[in-house]
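This report refers to the structure that appears directly beneath it.
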Amino acid sequence: MGAAVDHVSPMGMSGGSGQRFSCKNKLTALVVDNGGVCQAIQTAILRSYGVETEAVETGEAAVELIASGATFNLIIIEMLLPFMNGPETAKQIRAMGAQSKILGITAFFDERDQQEFLAAGADKYIEKPLSPEIVIPIIRKLDN
Amino acid sequence: MERNQMRRQLALMRQSFFDQGFLDEQFIQLEELQDDANPNFVEEVVTLYYRDSSRLILNIDQALERNPLDFNKLDNYMHQFKGSSTSIGAKKVKAECTQFREYCKAGNSEGCMRTFQQLKKEYAILKRKLEAYFQQARQAGPLETACRSRN
């Protein structure tokens, strides 16, 4: 169980892994999640890849931001948001004509939720955590 | 205690968290996010986790006192709890969250209560371990080697 992590030293010493992936072009992202921890981590992950990232706690705030003219290459939306849920948020964002890549994210993967999210306009639906294996290919595609 | 010895102890402590199943590779991802600009990122996020989740625990405790149980409400609380636990790599806590949700879906009150007691236990154990770890990390001081480089 511990073998996979033997090579990594305590906090802050992972510089041995070399340079981290970073996007070439200016990319922007919006994280929509009412969980402080998830919001902080997802934002930090995207920023570490060079993506300018904003975060809001509700679907309403996301819709308002986009309605005000803000555009994002990538929008990550939590399934379970207070008031307006993830799929409804995605639906309203798409209805405004946003071309962003939308990633639905959830703590518990559920096929019905997946169908709902994709039908609402999300491009992908994943279970937390937001991993490099998922997010780097998305950013690379947007970057190209 | 000599600094190198402290760091060796710290490394052993950290490794034990993975070996004993308290943390998973997601914790390593948090460590990878720590750099000169965010030198205390891991501790800050973990502190935020314990602050936010203590409120959730209170809410769930109160919800479990109701009769009959509102399984939908409990499921929503646990959704948030699992999300944040998963995101910091709290492996055992995450497993209990998943088990709790199964009992919620089955409408099993006793199962929910029993699992939640176990969840709180795992949560408290991890909290103690991480607090001791961060305290020792502070005493050991920052490392001279550079953190991950950015482009």
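Letters A, B, ... mark the chains of the structure tokens in the order given; residue numbers begin at 1 per chain; ligand numbers begin at 1, in order shown.
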Requested in this report: Please provide the set of residues having any atom within 9 Å of Asp113 in chain A, restricted to only C-alpha atoms, with same-chain residues fewer than 3 positions apart removed, written as a ChimeraX atom specification.
Outcome: /A:79,87,109-110,116-118,125
Requested in this report: Report as a PyMOL selection string: the residues of range 27-111 of chain B with a DSSP assignment of alpha helix (DSSP H), based on the backbone of this structure.
Outcome: chain B and resi 27-32+41-64+71-88+91-106+109-111
**Report entry** Within 12 Å of Gln62 in chain B using only C-alpha atoms, minus same-chain residues under 6 positions, as an NGL selection string
**Finding:** :B and (55-56 or 69-70 or 73-74 or 77 or 113 or 116)
Report task. Could you give me, as JSON, numbers by chain, the residues within 12 Å of Phe17 in chain B, counting only C-alpha atoms and dropping anything in the same chain fewer than 3 positions from it? Result -> {"A": [1, 2, 5, 6, 10], "B": [10, 11, 12, 13, 14, 20, 21, 22, 23, 24, 25, 27, 28, 89, 90, 91, 92, 125, 126, 127, 128, 129, 130, 132, 133]}
Requested in this report: Tell me, as a ChimeraX atom specification, which residues lie within 6 Å of Tyr103 in chain B, counting only C-alpha atoms; anything in the same chain fewer than 5 positions away does not count.
Outcome: /B:108,111-112
Query raised in the report: Hey, which of B:Met6, B:Leu64, B:Phe71, B:Ser87 ends up closest to chain A? Count only C-alpha atoms.
Result: B:Ser87
Report task. Assign secondary structure with DSSP using the backbone only, and return the residues of chain A in strand (DSSP E) as a PyMOL selection string. Result -> chain A and resi 27-32+51-56+74-78+101-106+124-127
With C-alpha atoms retained, could you export that selection as an mmCIF file, in the first residue's frame?
data_model
loop_
_atom_site.group_PDB
_atom_site.id
_atom_site.type_symbol
_atom_site.label_atom_id
_atom_site.label_comp_id
_atom_site.auth_asym_id
_atom_site.auth_seq_id
_atom_site.Cartn_x
_atom_site.Cartn_y
_atom_site.Cartn_z
ATOM 1 C CA LEU A 27 -6.618 29.753 -20.317
ATOM 2 C CA THR A 28 -9.349 30.601 -17.845
ATOM 3 C CA ALA A 29 -11.474 28.431 -15.624
ATOM 4 C CA LEU A 30 -14.372 28.753 -13.221
ATOM 5 C CA VAL A 31 -14.883 26.430 -10.262
ATOM 6 C CA VAL A 32 -18.449 26.201 -9.009
ATOM 7 C CA VAL A 51 -4.912 28.350 -15.717
ATOM 8 C CA GLU A 52 -6.358 31.628 -14.428
ATOM 9 C CA THR A 53 -9.090 30.407 -12.153
ATOM 10 C CA GLU A 54 -12.003 31.981 -10.348
ATOM 11 C CA ALA A 55 -14.344 30.275 -7.933
ATOM 12 C CA VAL A 56 -17.945 30.770 -6.848
ATOM 13 C CA LEU A 74 -13.283 25.463 -18.608
ATOM 14 C CA ILE A 75 -16.061 25.371 -16.019
ATOM 15 C CA ILE A 76 -16.079 22.748 -13.285
ATOM 16 C CA ILE A 77 -19.470 22.387 -11.637
ATOM 17 C CA GLU A 78 -20.300 20.382 -8.529
ATOM 18 C CA LYS A 101 -15.794 22.950 -21.699
ATOM 19 C CA ILE A 102 -18.045 21.949 -18.791
ATOM 20 C CA LEU A 103 -16.941 19.274 -16.369
ATOM 21 C CA GLY A 104 -19.534 17.998 -13.924
ATOM 22 C CA ILE A 105 -18.011 16.747 -10.693
ATOM 23 C CA THR A 106 -19.473 14.899 -7.727
ATOM 24 C CA LYS A 124 -17.865 15.115 -18.975
ATOM 25 C CA TYR A 125 -18.885 13.944 -15.518
ATOM 26 C CA ILE A 126 -16.414 12.633 -12.968
ATOM 27 C CA GLU A 127 -16.151 11.616 -9.354
#
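If only C-alpha atoms are the atoms counted, then among A:Gly69, A:Gly50, A:Gly121, A:Gly86 the closest residue to chain B is A:Gly50.
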Report summary line: From CA of Val42 in chain B to CA of Gln9 in chain B the spacing works out at 18.6 Å
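The environment of Val37 in chain A within 9 Å, counting only C-alpha atoms and disregarding residues fewer than 4 places along the same chain, consists of A:Ile41, A:Gln42, B:Val45, B:Val46, B:Leu48, B:Tyr49, B:Asp52, B:Gly83, B:Ser84, B:Ser85, B:Ser87, B:Ile88.
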Requested in this report: Tell me which protein, DNA and RNA residues are within 12 Å of Asn4 in chain B, counting only C-alpha atoms, leaving out same-chain ones fewer than 2 positions away, and put them as a PyMOL selection string.
Outcome: chain B and resi 1-2+6-11+137+139-144
Keeping N, CA and C atoms for every residue in the selection just given, could you write it to a file as a PDB file, in the first residue's frame?
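Saved as selection-v1.pdb:
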ATOM      1  N   MET B   1      16.150  18.299  19.572  1.00  0.00           N
ATOM      2  CA  MET B   1      16.504  17.151  18.713  1.00  0.00           C
ATOM      3  C   MET B   1      17.148  17.649  17.428  1.00  0.00           C
ATOM      4  N   GLU B   2      18.179  17.010  16.963  1.00  0.00           N
ATOM      5  CA  GLU B   2      18.871  17.423  15.760  1.00  0.00           C
ATOM      6  C   GLU B   2      17.904  17.445  14.575  1.00  0.00           C
ATOM      7  N   MET B   6      14.949  14.922  13.145  1.00  0.00           N
ATOM      8  CA  MET B   6      13.534  15.321  13.165  1.00  0.00           C
ATOM      9  C   MET B   6      12.903  15.071  11.800  1.00  0.00           C
ATOM     10  N   ARG B   7      13.653  15.417  10.757  1.00  0.00           N
ATOM     11  CA  ARG B   7      13.104  15.243   9.406  1.00  0.00           C
ATOM     12  C   ARG B   7      12.955  13.761   9.063  1.00  0.00           C
ATOM     13  N   ARG B   8      13.869  12.970   9.545  1.00  0.00           N
ATOM     14  CA  ARG B   8      13.763  11.512   9.308  1.00  0.00           C
ATOM     15  C   ARG B   8      12.526  10.971  10.002  1.00  0.00           C
ATOM     16  N   GLN B   9      12.320  11.437  11.229  1.00  0.00           N
ATOM     17  CA  GLN B   9      11.117  11.009  11.982  1.00  0.00           C
ATOM     18  C   GLN B   9       9.851  11.454  11.279  1.00  0.00           C
ATOM     19  N   LEU B  10       9.905  12.658  10.748  1.00  0.00           N
ATOM     20  CA  LEU B  10       8.756  13.221  10.033  1.00  0.00           C
ATOM     21  C   LEU B  10       8.430  12.373   8.805  1.00  0.00           C
ATOM     22  N   ALA B  11       9.476  11.988   8.081  1.00  0.00           N
ATOM     23  CA  ALA B  11       9.293  11.168   6.888  1.00  0.00           C
ATOM     24  C   ALA B  11       8.689   9.809   7.246  1.00  0.00           C
ATOM     25  N   ALA B 137       6.489  19.125  11.727  1.00  0.00           N
ATOM     26  CA  ALA B 137       7.000  19.747  10.492  1.00  0.00           C
ATOM     27  C   ALA B 137       7.430  21.187  10.767  1.00  0.00           C
ATOM     28  N   GLN B 139       8.466  22.359  13.612  1.00  0.00           N
ATOM     29  CA  GLN B 139       9.687  22.296  14.424  1.00  0.00           C
ATOM     30  C   GLN B 139      10.895  21.930  13.578  1.00  0.00           C
ATOM     31  N   ALA B 140      10.654  21.059  12.610  1.00  0.00           N
ATOM     32  CA  ALA B 140      11.767  20.643  11.745  1.00  0.00           C
ATOM     33  C   ALA B 140      12.201  21.778  10.842  1.00  0.00           C
ATOM     34  N   GLY B 141      11.283  22.711  10.569  1.00  0.00           N
ATOM     35  CA  GLY B 141      11.625  23.885   9.781  1.00  0.00           C
ATOM     36  C   GLY B 141      11.568  23.612   8.297  1.00  0.00           C
ATOM     37  N   PRO B 142      11.634  24.674   7.463  1.00  0.00           N
ATOM     38  CA  PRO B 142      11.565  24.501   6.012  1.00  0.00           C
ATOM     39  C   PRO B 142      12.823  23.825   5.498  1.00  0.00           C
ATOM     40  N   LEU B 143      12.675  23.145   4.361  1.00  0.00           N
ATOM     41  CA  LEU B 143      13.795  22.451   3.750  1.00  0.00           C
ATOM     42  C   LEU B 143      14.553  23.412   2.847  1.00  0.00           C
ATOM     43  N   GLU B 144      15.878  23.167   2.690  1.00  0.00           N
ATOM     44  CA  GLU B 144      16.678  24.030   1.833  1.00  0.00           C
ATOM     45  C   GLU B 144      16.440  23.732   0.364  1.00  0.00           C
TER      46      GLU B 144
END
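Nearest residue to Lys82 in chain B among A:Ala40, A:Ala107, A:Met96, A:Leu142 is A:Ala107, counting only C-alpha atoms.
Shortest atom-to-atom contact with chain A among B:Arg3, B:His79, B:Arg51, B:Lys94: B:His79, counting only C-alpha atoms.
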